[in-house]
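So this block is target.pdb, PDB, C-alpha atoms and all ligand atoms:
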ATOM      1  CA  MET G   1      59.414  46.660 -31.890
ATOM      2  CA  SER G   2      60.553  44.620 -34.907
ATOM      3  CA  ALA G   3      58.720  41.411 -35.739
ATOM      4  CA  LEU G   4      60.053  37.961 -34.859
ATOM      5  CA  LEU G   5      58.268  36.493 -37.853
ATOM      6  CA  GLU G   6      56.981  38.279 -40.942
ATOM      7  CA  THR G   7      55.274  37.079 -44.074
ATOM      8  CA  ALA G   8      54.962  39.052 -47.294
ATOM      9  CA  GLY G   9      52.589  37.967 -50.055
ATOM     10  CA  LEU G  10      52.501  34.453 -48.579
ATOM     11  CA  THR G  11      50.485  31.927 -50.550
ATOM     12  CA  VAL G  12      50.263  28.388 -49.191
ATOM     13  CA  GLU G  13      48.690  25.463 -51.017
ATOM     14  CA  VAL G  14      48.492  21.738 -50.332
ATOM     15  CA  GLY G  15      46.882  18.947 -52.366
ATOM     16  CA  GLY G  16      44.650  21.369 -54.300
ATOM     17  CA  VAL G  17      43.652  23.274 -51.118
ATOM     18  CA  ARG G  18      44.507  26.992 -51.014
ATOM     19  CA  VAL G  19      45.277  27.840 -47.391
ATOM     20  CA  CYS G  20      46.092  31.544 -47.711
ATOM     21  CA  ALA G  21      46.817  33.951 -50.537
ATOM     22  CA  GLY G  22      49.048  37.000 -50.289
ATOM     23  CA  LEU G  23      49.099  36.823 -46.475
ATOM     24  CA  GLU G  24      50.876  39.712 -44.731
ATOM     25  CA  LEU G  25      51.578  38.811 -41.110
ATOM     26  CA  ALA G  26      53.888  40.408 -38.552
ATOM     27  CA  VAL G  27      54.289  38.546 -35.257
ATOM     28  CA  ALA G  28      55.859  40.830 -32.641
ATOM     29  CA  PRO G  29      57.371  39.833 -29.285
ATOM     30  CA  GLY G  30      54.697  39.521 -26.602
ATOM     31  CA  GLN G  31      51.935  38.622 -29.045
ATOM     32  CA  CYS G  32      49.918  35.430 -28.886
ATOM     33  CA  TRP G  33      48.176  34.588 -32.153
ATOM     34  CA  GLY G  34      45.353  32.049 -32.371
ATOM     35  CA  ILE G  35      44.798  30.288 -35.697
ATOM     36  CA  LEU G  36      41.204  29.124 -36.110
ATOM     37  CA  GLY G  37      39.494  27.338 -38.970
ATOM     38  CA  ARG G  38      37.443  24.320 -39.970
ATOM     39  CA  ASN G  39      39.076  20.893 -40.354
ATOM     40  CA  GLY G  40      41.090  20.711 -43.539
ATOM     41  CA  THR G  41      41.441  24.475 -44.122
ATOM     42  CA  GLY G  42      45.216  24.112 -43.754
ATOM     43  CA  LYS G  43      46.131  25.234 -40.227
ATOM     44  CA  THR G  44      48.774  22.518 -39.817
ATOM     45  CA  THR G  45      50.101  23.124 -43.331
ATOM     46  CA  LEU G  46      50.425  26.844 -42.618
ATOM     47  CA  LEU G  47      52.243  26.208 -39.331
ATOM     48  CA  HIS G  48      54.682  23.811 -41.061
ATOM     49  CA  THR G  49      55.285  26.413 -43.772
ATOM     50  CA  LEU G  50      55.991  29.115 -41.174
ATOM     51  CA  ALA G  51      58.465  26.717 -39.523
ATOM     52  CA  GLY G  52      60.261  26.269 -42.859
ATOM     53  CA  LEU G  53      59.336  22.568 -43.043
ATOM     54  CA  ARG G  54      57.673  22.974 -46.452
ATOM     55  CA  PRO G  55      57.998  25.678 -49.106
ATOM     56  CA  PRO G  56      55.221  28.208 -49.782
ATOM     57  CA  ALA G  57      53.614  28.430 -53.226
ATOM     58  CA  ALA G  58      54.611  32.118 -53.292
ATOM     59  CA  GLY G  59      55.814  34.909 -51.036
ATOM     60  CA  ARG G  60      58.432  35.336 -48.342
ATOM     61  CA  ILE G  61      58.882  34.408 -44.680
ATOM     62  CA  ARG G  62      61.395  36.249 -42.520
ATOM     63  CA  LEU G  63      62.569  35.154 -39.063
ATOM     64  CA  ASP G  64      64.317  37.882 -37.053
ATOM     65  CA  GLY G  65      64.324  39.930 -40.269
ATOM     66  CA  ARG G  66      66.249  37.261 -42.219
ATOM     67  CA  ALA G  67      64.924  35.077 -45.038
ATOM     68  CA  LEU G  68      63.860  31.758 -43.453
ATOM     69  CA  PRO G  69      65.000  29.449 -46.304
ATOM     70  CA  GLY G  70      68.572  30.795 -46.069
ATOM     71  CA  LEU G  71      68.977  30.044 -42.364
ATOM     72  CA  GLU G  72      70.704  26.944 -40.957
ATOM     73  CA  ARG G  73      68.220  24.634 -39.238
ATOM     74  CA  ARG G  74      70.183  24.867 -35.966
ATOM     75  CA  THR G  75      69.874  28.665 -36.075
ATOM     76  CA  VAL G  76      66.164  28.309 -36.759
ATOM     77  CA  ALA G  77      65.746  25.819 -33.886
ATOM     78  CA  ARG G  78      67.357  28.207 -31.424
ATOM     79  CA  ARG G  79      64.753  30.849 -32.272
ATOM     80  CA  LEU G  80      61.693  28.868 -33.389
ATOM     81  CA  GLY G  81      60.111  25.793 -31.800
ATOM     82  CA  ILE G  82      57.175  23.788 -33.081
ATOM     83  CA  LEU G  83      54.737  21.571 -31.214
ATOM     84  CA  LEU G  84      53.474  19.018 -33.719
ATOM     85  CA  GLN G  85      49.895  17.762 -33.737
ATOM     86  CA  ASP G  86      50.931  14.227 -32.730
ATOM     87  CA  TYR G  87      54.059  12.361 -31.685
ATOM     88  CA  VAL G  88      55.176   8.796 -32.382
ATOM     89  CA  ASP G  89      57.956   7.559 -30.117
ATOM     90  CA  ALA G  90      60.148   5.324 -32.264
ATOM     91  CA  PHE G  91      62.818   4.730 -29.584
ATOM     92  CA  PRO G  92      62.489   3.929 -25.891
ATOM     93  CA  SER G  93      63.545   6.835 -23.683
ATOM     94  CA  THR G  94      62.594   8.343 -20.370
ATOM     95  CA  VAL G  95      60.563  11.462 -19.750
ATOM     96  CA  LEU G  96      63.674  13.411 -18.669
ATOM     97  CA  GLU G  97      65.718  12.251 -21.701
ATOM     98  CA  THR G  98      62.868  13.326 -23.990
ATOM     99  CA  ALA G  99      62.572  16.769 -22.377
ATOM    100  CA  LEU G 100      66.361  17.163 -22.645
ATOM    101  CA  THR G 101      66.192  16.836 -26.445
ATOM    102  CA  GLY G 102      64.845  20.406 -26.293
ATOM    103  CA  ARG G 103      68.381  21.546 -25.468
ATOM    104  CA  HIS G 104      69.950  19.969 -28.599
ATOM    105  CA  PRO G 105      69.790  23.122 -30.775
ATOM    106  CA  HIS G 106      71.745  24.956 -28.063
ATOM    107  CA  LEU G 107      74.579  22.380 -27.794
ATOM    108  CA  GLY G 108      77.712  22.146 -29.920
ATOM    109  CA  PRO G 109      78.246  19.102 -32.215
ATOM    110  CA  TRP G 110      80.088  16.982 -29.581
ATOM    111  CA  GLU G 111      78.737  18.669 -26.501
ATOM    112  CA  TRP G 112      76.739  16.742 -23.858
ATOM    113  CA  GLU G 113      73.953  18.236 -21.803
ATOM    114  CA  GLY G 114      75.294  19.938 -18.649
ATOM    115  CA  PRO G 115      73.782  20.767 -15.250
ATOM    116  CA  ALA G 116      72.090  23.916 -16.608
ATOM    117  CA  ASP G 117      70.408  21.865 -19.359
ATOM    118  CA  LEU G 118      69.242  19.290 -16.802
ATOM    119  CA  ALA G 119      67.909  22.041 -14.571
ATOM    120  CA  ALA G 120      66.028  23.595 -17.517
ATOM    121  CA  ALA G 121      64.440  20.234 -18.429
ATOM    122  CA  ARG G 122      63.464  19.517 -14.819
ATOM    123  CA  ALA G 123      61.975  22.999 -14.401
ATOM    124  CA  ALA G 124      59.933  22.572 -17.590
ATOM    125  CA  LEU G 125      58.639  19.153 -16.461
ATOM    126  CA  GLY G 126      57.609  20.735 -13.161
ATOM    127  CA  ARG G 127      55.763  23.518 -14.993
ATOM    128  CA  VAL G 128      53.499  21.008 -16.767
ATOM    129  CA  GLY G 129      52.998  18.812 -13.685
ATOM    130  CA  LEU G 130      55.374  16.015 -14.740
ATOM    131  CA  GLY G 131      58.020  16.611 -12.073
ATOM    132  CA  ALA G 132      57.510  13.145 -10.571
ATOM    133  CA  PHE G 133      57.599  11.382 -13.970
ATOM    134  CA  GLU G 134      61.218  11.924 -15.046
ATOM    135  CA  SER G 135      62.299   8.245 -14.910
ATOM    136  CA  ARG G 136      59.188   6.898 -16.608
ATOM    137  CA  PRO G 137      59.532   5.407 -20.123
ATOM    138  CA  VAL G 138      57.607   7.666 -22.528
ATOM    139  CA  GLN G 139      55.723   4.657 -23.914
ATOM    140  CA  THR G 140      53.978   4.274 -20.531
ATOM    141  CA  LEU G 141      52.509   7.802 -20.532
ATOM    142  CA  SER G 142      48.830   8.522 -21.124
ATOM    143  CA  GLY G 143      47.839  10.685 -24.106
ATOM    144  CA  GLY G 144      47.529  13.827 -21.977
ATOM    145  CA  GLU G 145      50.794  13.145 -20.141
ATOM    146  CA  ARG G 146      52.575  12.638 -23.503
ATOM    147  CA  ARG G 147      51.127  15.939 -24.727
ATOM    148  CA  ARG G 148      52.389  17.751 -21.635
ATOM    149  CA  LEU G 149      55.820  16.153 -22.136
ATOM    150  CA  ALA G 150      55.928  17.531 -25.697
ATOM    151  CA  ILE G 151      55.105  20.979 -24.303
ATOM    152  CA  ALA G 152      57.769  20.585 -21.583
ATOM    153  CA  THR G 153      60.300  19.675 -24.292
ATOM    154  CA  LEU G 154      59.410  22.870 -26.141
ATOM    155  CA  LEU G 155      59.687  24.917 -22.931
ATOM    156  CA  THR G 156      63.124  23.325 -22.423
ATOM    157  CA  GLN G 157      64.084  24.416 -25.944
ATOM    158  CA  ASP G 158      62.983  27.933 -24.928
ATOM    159  CA  PRO G 159      62.612  29.423 -28.418
ATOM    160  CA  ALA G 160      61.600  33.016 -29.091
ATOM    161  CA  LEU G 161      58.758  31.921 -31.366
ATOM    162  CA  TYR G 162      56.398  29.113 -30.348
ATOM    163  CA  LEU G 163      54.396  27.462 -33.170
ATOM    164  CA  LEU G 164      51.822  25.253 -31.470
ATOM    165  CA  ASP G 165      49.567  22.830 -33.342
ATOM    166  CA  GLU G 166      46.557  22.191 -31.108
ATOM    167  CA  PRO G 167      48.481  22.407 -27.808
ATOM    168  CA  THR G 168      45.354  21.352 -25.890
ATOM    169  CA  ASN G 169      44.992  18.030 -27.785
ATOM    170  CA  HIS G 170      44.392  15.170 -25.301
ATOM    171  CA  LEU G 171      44.312  17.564 -22.317
ATOM    172  CA  ASP G 172      41.511  17.651 -19.751
ATOM    173  CA  LEU G 173      39.930  21.031 -18.900
ATOM    174  CA  ASN G 174      42.234  21.670 -15.954
ATOM    175  CA  HIS G 175      45.356  20.966 -18.002
ATOM    176  CA  GLN G 176      44.099  22.919 -21.033
ATOM    177  CA  VAL G 177      43.962  26.036 -18.877
ATOM    178  CA  SER G 178      47.090  25.378 -16.793
ATOM    179  CA  VAL G 179      49.264  24.605 -19.844
ATOM    180  CA  LEU G 180      48.040  27.694 -21.736
ATOM    181  CA  GLU G 181      48.625  29.781 -18.593
ATOM    182  CA  GLU G 182      52.215  28.446 -18.450
ATOM    183  CA  LEU G 183      52.724  29.400 -22.093
ATOM    184  CA  SER G 184      51.250  32.872 -21.414
ATOM    185  CA  ARG G 185      53.645  33.290 -18.473
ATOM    186  CA  THR G 186      56.500  32.343 -20.812
ATOM    187  CA  LEU G 187      55.440  34.998 -23.327
ATOM    188  CA  ARG G 188      55.244  37.590 -20.557
ATOM    189  CA  ARG G 189      58.931  36.954 -19.736
ATOM    190  CA  GLY G 190      59.613  39.068 -22.838
ATOM    191  CA  GLY G 191      61.105  38.634 -26.301
ATOM    192  CA  ARG G 192      58.792  35.722 -27.116
ATOM    193  CA  ALA G 193      55.670  35.216 -29.203
ATOM    194  CA  ALA G 194      53.344  32.341 -30.111
ATOM    195  CA  LEU G 195      51.063  31.233 -32.899
ATOM    196  CA  MET G 196      48.741  28.449 -31.838
ATOM    197  CA  VAL G 197      46.152  26.417 -33.674
ATOM    198  CA  LEU G 198      43.041  26.065 -31.523
ATOM    199  CA  HIS G 199      39.598  24.582 -32.080
ATOM    200  CA  ASP G 200      37.949  26.371 -29.154
ATOM    201  CA  PRO G 201      37.109  30.071 -29.650
ATOM    202  CA  ASN G 202      36.742  30.400 -25.862
ATOM    203  CA  LEU G 203      40.391  29.431 -25.312
ATOM    204  CA  ALA G 204      41.357  31.778 -28.138
ATOM    205  CA  ALA G 205      39.397  34.619 -26.476
ATOM    206  CA  ARG G 206      41.080  33.934 -23.138
ATOM    207  CA  PHE G 207      44.684  33.435 -24.248
ATOM    208  CA  CYS G 208      45.194  35.099 -27.654
ATOM    209  CA  ASP G 209      45.424  38.818 -28.347
ATOM    210  CA  ARG G 210      45.560  38.342 -32.133
ATOM    211  CA  LEU G 211      43.697  35.966 -34.430
ATOM    212  CA  LEU G 212      44.227  34.531 -37.871
ATOM    213  CA  LEU G 213      40.998  33.081 -39.245
ATOM    214  CA  LEU G 214      41.323  30.605 -42.129
ATOM    215  CA  HIS G 215      37.979  30.619 -43.924
ATOM    216  CA  GLY G 216      39.029  28.279 -46.731
ATOM    217  CA  GLU G 217      39.897  28.813 -50.415
ATOM    218  CA  GLY G 218      42.679  31.191 -49.418
ATOM    219  CA  VAL G 219      40.406  33.674 -47.602
ATOM    220  CA  THR G 220      41.867  34.877 -44.293
ATOM    221  CA  GLN G 221      41.239  37.558 -41.659
ATOM    222  CA  ALA G 222      43.997  38.689 -39.315
ATOM    223  CA  GLY G 223      43.922  41.213 -36.506
ATOM    224  CA  PRO G 224      43.133  41.905 -32.850
ATOM    225  CA  ALA G 225      41.074  39.136 -31.227
ATOM    226  CA  THR G 226      38.634  41.667 -29.773
ATOM    227  CA  ASP G 227      37.770  42.847 -33.316
ATOM    228  CA  LEU G 228      37.556  39.431 -34.961
ATOM    229  CA  LEU G 229      35.716  37.391 -32.318
ATOM    230  CA  THR G 230      32.164  38.128 -33.433
ATOM    231  CA  ALA G 231      29.211  35.799 -33.966
ATOM    232  CA  ALA G 232      29.170  36.705 -37.668
ATOM    233  CA  ASN G 233      32.860  35.828 -38.137
ATOM    234  CA  LEU G 234      32.622  32.573 -36.164
ATOM    235  CA  GLU G 235      29.474  31.479 -38.030
ATOM    236  CA  ARG G 236      31.203  32.174 -41.336
ATOM    237  CA  LEU G 237      34.325  30.359 -40.114
ATOM    238  CA  TYR G 238      32.638  27.206 -38.811
ATOM    239  CA  ARG G 239      29.579  27.293 -41.092
ATOM    240  CA  HIS G 240      27.526  26.767 -37.979
ATOM    241  CA  PRO G 241      25.233  29.012 -35.897
ATOM    242  CA  MET G 242      26.905  30.441 -32.771
ATOM    243  CA  ARG G 243      25.471  31.795 -29.539
ATOM    244  CA  ALA G 244      27.251  34.552 -27.613
ATOM    245  CA  ILE G 245      26.632  34.167 -23.857
ATOM    246  CA  PRO G 246      27.586  37.202 -21.730
ATOM    247  CA  THR G 247      29.521  36.172 -18.591
ATOM    248  CA  PRO G 248      31.248  38.267 -15.889
ATOM    249  CA  SER G 249      34.617  37.459 -17.497
ATOM    250  CA  GLY G 250      33.579  38.176 -21.094
ATOM    251  CA  THR G 251      31.594  36.545 -23.868
ATOM    252  CA  ALA G 252      31.365  32.743 -23.969
ATOM    253  CA  TRP G 253      30.825  31.131 -27.368
ATOM    254  CA  LEU G 254      28.574  28.092 -27.793
ATOM    255  CA  PRO G 255      27.574  26.311 -30.982
ATOM    256  CA  GLY G 256      23.868  27.021 -31.643
TER     257      GLY G 256
HETATM  258  N1  LIG C   1      50.360  15.541 -48.677
HETATM  259  C1  LIG C   1      49.098  15.865 -48.948
HETATM  260  N2  LIG C   1      48.523  15.543 -50.124
HETATM  261  C2  LIG C   1      47.240  15.892 -50.415
HETATM  262  N3  LIG C   1      46.455  16.567 -49.572
HETATM  263  C3  LIG C   1      46.979  16.900 -48.390
HETATM  264  C4  LIG C   1      48.308  16.578 -48.010
HETATM  265  N4  LIG C   1      48.539  17.053 -46.766
HETATM  266  C5  LIG C   1      47.373  17.630 -46.380
HETATM  267  N5  LIG C   1      46.446  17.533 -47.351
HETATM  268  C6  LIG C   1      45.071  18.077 -47.319
HETATM  269  O1  LIG C   1      45.210  19.482 -47.180
HETATM  270  C7  LIG C   1      44.185  19.989 -46.354
HETATM  271  C8  LIG C   1      44.804  20.778 -45.206
HETATM  272  O2  LIG C   1      45.392  19.878 -44.265
HETATM  273  P1  LIG C   1      45.828  20.384 -42.835
HETATM  274  O3  LIG C   1      46.265  19.195 -42.050
HETATM  275  O4  LIG C   1      46.792  21.492 -42.988
HETATM  276  O5  LIG C   1      44.445  20.956 -42.284
HETATM  277  P2  LIG C   1      44.045  21.447 -40.823
HETATM  278  O6  LIG C   1      43.314  22.741 -40.995
HETATM  279  O7  LIG C   1      45.221  21.458 -39.924
HETATM  280  O8  LIG C   1      43.018  20.308 -40.396
HETATM  281  P3  LIG C   1      42.532  19.733 -38.960
HETATM  282  O9  LIG C   1      41.716  20.822 -38.302
HETATM  283  O10 LIG C   1      41.663  18.567 -39.367
HETATM  284  O11 LIG C   1      43.752  19.321 -38.179
HETATM  285  C9  LIG C   1      43.345  18.787 -45.920
HETATM  286  O12 LIG C   1      42.222  18.707 -46.761
HETATM  287  C10 LIG C   1      44.273  17.606 -46.133
HETATM  288  O13 LIG C   1      43.533  16.427 -46.435
END

Encoded form using C-alpha cells:
Amino acid sequence: MSALLETAGLTVEVGGVRVCAGLELAVAPGQCWGILGRNGTGKTTLLHTLAGLRPPAAGRIRLDGRALPGLERRTVARRLGILLQDYVDAFPSTVLETALTGRHPHLGPWEWEGPADLAAARAALGRVGLGAFESRPVQTLSGGERRRLAIATLLTQDPALYLLDEPTNHLDLNHQVSVLEELSRTLRRGGRAALMVLHDPNLAARFCDRLLLLHGEGVTQAGPATDLLTAANLERLYRHPMRAIPTPSGTAWLPG
C-alpha cells in the first residue's frame, strides 16, 4: 500500500540543534508511529516540519505522493491534522464550537456547518468523555478536559494522518489509555495513520507498531517497535539505566 507520508533525505535543524539527518520515513495507512527522545532533541520541531509548518534544512516530504510545500493548506488540512503540545484560547467559545472548528477544512469559503458536521463534533466529544460539556466555555475546562477537547477537535477533523504532540499531556492514567484506545480504533477504521510524540515507552509499546527514536545530534533509529524497544536502545535514548520487568501482557519499562 502506498505511503500517506514519505520523507527522503530529510534533515531538520532548529537553533543549532540537528534533529535528524537524511531521514527516510514511509508512513503507511494503519501504522501508528511513536516518536521518542529526550527533552530538546527536536520531537516537536520534527512534527511541525512534517506538517509543513516550517521548512526542512534539506530533503523532501510527500503527502499522498505529492510534494508537501506545493499543496494548498486547505488540501493539507483535509488529509493531515496536528495536535499541538499546548493550546491558548484567545477567544471565548464553547466546547461544541471549538470541536466544530475541526470541520473548517471540509467546508467551502461561505459554507456554514450543517447537521452532519454537528453530529461529527458531538460524536467526537462523546468519544473523549466530553458529551455533557458541549455548552461549557472552554476557559472553564481543566487541563485534562482541554486536552481531550483538542483531541475531539482533531477527531472531528477526521484527517488521514494524525500528528500528535504528546497526546497524553495533562491526562490521568485512565484517560491516557482511553484516549489512545480511541485513536487506535480510529486507525483501525482504515486509510489512516498516526505519528505521536510520547514520553512513556510503556504507552509506545502498547499503542505503537513503529518507532522513531531521536537520539540527538541528528542520530535516529526507525523501525518496528518490537525490534527497537530494548533496554540498550532506551538507555542510550534517555541516558538513564532502564529495567525491563516481564509481565503477562509484555515487558514493562521502569527507569533504574
Ligand atoms: N525558535 C527557536 N530558536 C532557538 N532554539 C529553538 C527554537 N525552537 C526550539 N529551539 C530549541 O530546539 C530544540 C528542540 O526543540 P523541540 O521543542 O523540538 O524539542 P522536543 O524534543 O519537542 O522537546 P520536549 O521533549 O522538551 O518537548 C530545543 O533545544 C529548543 O530549545

Grab all the atoms of ligand LIG 1 (chain C) that the file lists, wrap them in a box along x, y and z, add 3 Å per side, and give me centre plus edge lengths in Å (one decimal) as JSON.
{"center_x": 46.0, "center_y": 19.1, "center_z": -44.3, "size_x": 14.7, "size_y": 13.2, "size_z": 18.2}

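Put simply, the PyMOL selection byres (((not hetatm)) within 9 of (chain C and resi 1)) in this file takes in Glu13, Val14, Gly15, Gly16, Val17, Arg18, Val19, Leu36, Gly37, Arg38, Asn39, Gly40, Thr41, Gly42, Lys43, Thr44, Thr45, Leu46, Leu47, His48, Gln85, Asp165, Glu166, Val197, Leu198, His199 and Leu214 of chain G.
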
Could those residues be written to a file, using C-alpha atoms, as a short mmCIF file (atom, residue, chain, number, x, y, z; two decimals), keeping the file's coordinate frame?
data_model
loop_
_atom_site.label_atom_id
_atom_site.label_comp_id
_atom_site.auth_asym_id
_atom_site.auth_seq_id
_atom_site.Cartn_x
_atom_site.Cartn_y
_atom_site.Cartn_z
CA GLU G 13 48.69 25.46 -51.02
CA VAL G 14 48.49 21.74 -50.33
CA GLY G 15 46.88 18.95 -52.37
CA GLY G 16 44.65 21.37 -54.30
CA VAL G 17 43.65 23.27 -51.12
CA ARG G 18 44.51 26.99 -51.01
CA VAL G 19 45.28 27.84 -47.39
CA LEU G 36 41.20 29.12 -36.11
CA GLY G 37 39.49 27.34 -38.97
CA ARG G 38 37.44 24.32 -39.97
CA ASN G 39 39.08 20.89 -40.35
CA GLY G 40 41.09 20.71 -43.54
CA THR G 41 41.44 24.48 -44.12
CA GLY G 42 45.22 24.11 -43.75
CA LYS G 43 46.13 25.23 -40.23
CA THR G 44 48.77 22.52 -39.82
CA THR G 45 50.10 23.12 -43.33
CA LEU G 46 50.42 26.84 -42.62
CA LEU G 47 52.24 26.21 -39.33
CA HIS G 48 54.68 23.81 -41.06
CA GLN G 85 49.90 17.76 -33.74
CA ASP G 165 49.57 22.83 -33.34
CA GLU G 166 46.56 22.19 -31.11
CA VAL G 197 46.15 26.42 -33.67
CA LEU G 198 43.04 26.06 -31.52
CA HIS G 199 39.60 24.58 -32.08
CA LEU G 214 41.32 30.60 -42.13
#

So which one's closest to Trp253 (chain G), G:Asp209, G:Asp200, G:Glu72, G:Asp227? Using all atoms listed in the file, please.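 The closest residue to Trp253 (chain G) is G:Asp200.
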
* To do: Identify, on the basis of all atoms listed in the file, every residue whose closest approach to Arg62 (chain G) does not exceed 8 Å; exclude the query and any residue fewer than 3 positions from it along the same chain; express the result as a ChimeraX atom specification.
  => /G:4-7,65-68

Residues of the last selection are to be written out with C-alpha atoms, as a compact mmCIF listing (two decimals), in the frame of the given file.
# COMPACT_ATOMS: atom_id res chain seq x y z
CA LEU G 4 60.05 37.96 -34.86
CA LEU G 5 58.27 36.49 -37.85
CA GLU G 6 56.98 38.28 -40.94
CA THR G 7 55.27 37.08 -44.07
CA GLY G 65 64.32 39.93 -40.27
CA ARG G 66 66.25 37.26 -42.22
CA ALA G 67 64.92 35.08 -45.04
CA LEU G 68 63.86 31.76 -43.45

| task | Convert the output of the PyMOL selection byres (((chain G and resi 235) around 12) and not hetatm) on the shown file into explicit residues, formatted as number ranges by chain. | result | G: 37-38, 201, 213, 215, 228-234, 236-244, 253-256

Of G:Leu195, G:Ala222, G:Ile245, G:Leu130, the one sitting nearest Glu24 (chain G) when using all atoms listed in the file is G:Ala222

Exercise for review: Kindly resolve the PyMOL selection byres (((chain G and resi 109-119) around 12) and not hetatm) on the present coordinates and return the residues as a list of chain:residue names.
Suggested key: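 This file, filtered by the PyMOL selection byres (((chain G and resi 109-119) around 12) and not hetatm), leaves G:Arg74, G:Leu96, G:Glu97, G:Thr98, G:Ala99, G:Leu100, G:Thr101, G:Gly102, G:Arg103, G:His104, G:Pro105, G:His106, G:Leu107, G:Gly108, G:Ala120, G:Ala121, G:Arg122, G:Ala123, G:Ala124, G:Leu125, G:Gly126, G:Gly131, G:Glu134, G:Thr153, G:Leu155, G:Thr156, G:Gln157, G:Asp158.
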
- Have a look at G:Ala51, G:Leu80, G:Ala160, G:Val88 and name the one nearest to Arg146 (chain G); count all atoms listed in the file.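 Among G:Ala51, G:Leu80, G:Ala160, G:Val88, it is G:Val88 that comes nearest to Arg146 (chain G).
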
Practice problem: In Å, rounded to a single decimal, give me how far CA of Leu187 (chain G) is from CA of Leu163 (chain G). | Solution: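 Here the two named atoms are 12.4 Å from each other.
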
Do a neighbour search on Val95 (chain G) at 7 Å with all atoms listed in the file, toss out local chain neighbours closer than 5 positions, and write the hits as a ChimeraX atom specification.
/G:133-138

Students should find that CA of Glu217 (chain G) and CA of Ala252 (chain G) are spaced 28.1 Å

Here CA of Thr220 (chain G) and CA of Ala26 (chain G) stand apart by 14.4 Å

Arg188 (chain G) proximity check over G:Thr11, G:Ser2, G:Thr94, G:Gln31, using only C-alpha atoms: winner is G:Gln31

message = With all atoms listed in the file as the counted atoms, please give the residues lying no more than 9 Å from Pro167 (chain G), apart from itself and same-chain residues fewer than 2 positions off, as a PyMOL selection string.
response = chain G and resi 83-85+147-148+151+164-165+169-171+176+179-180+196-198
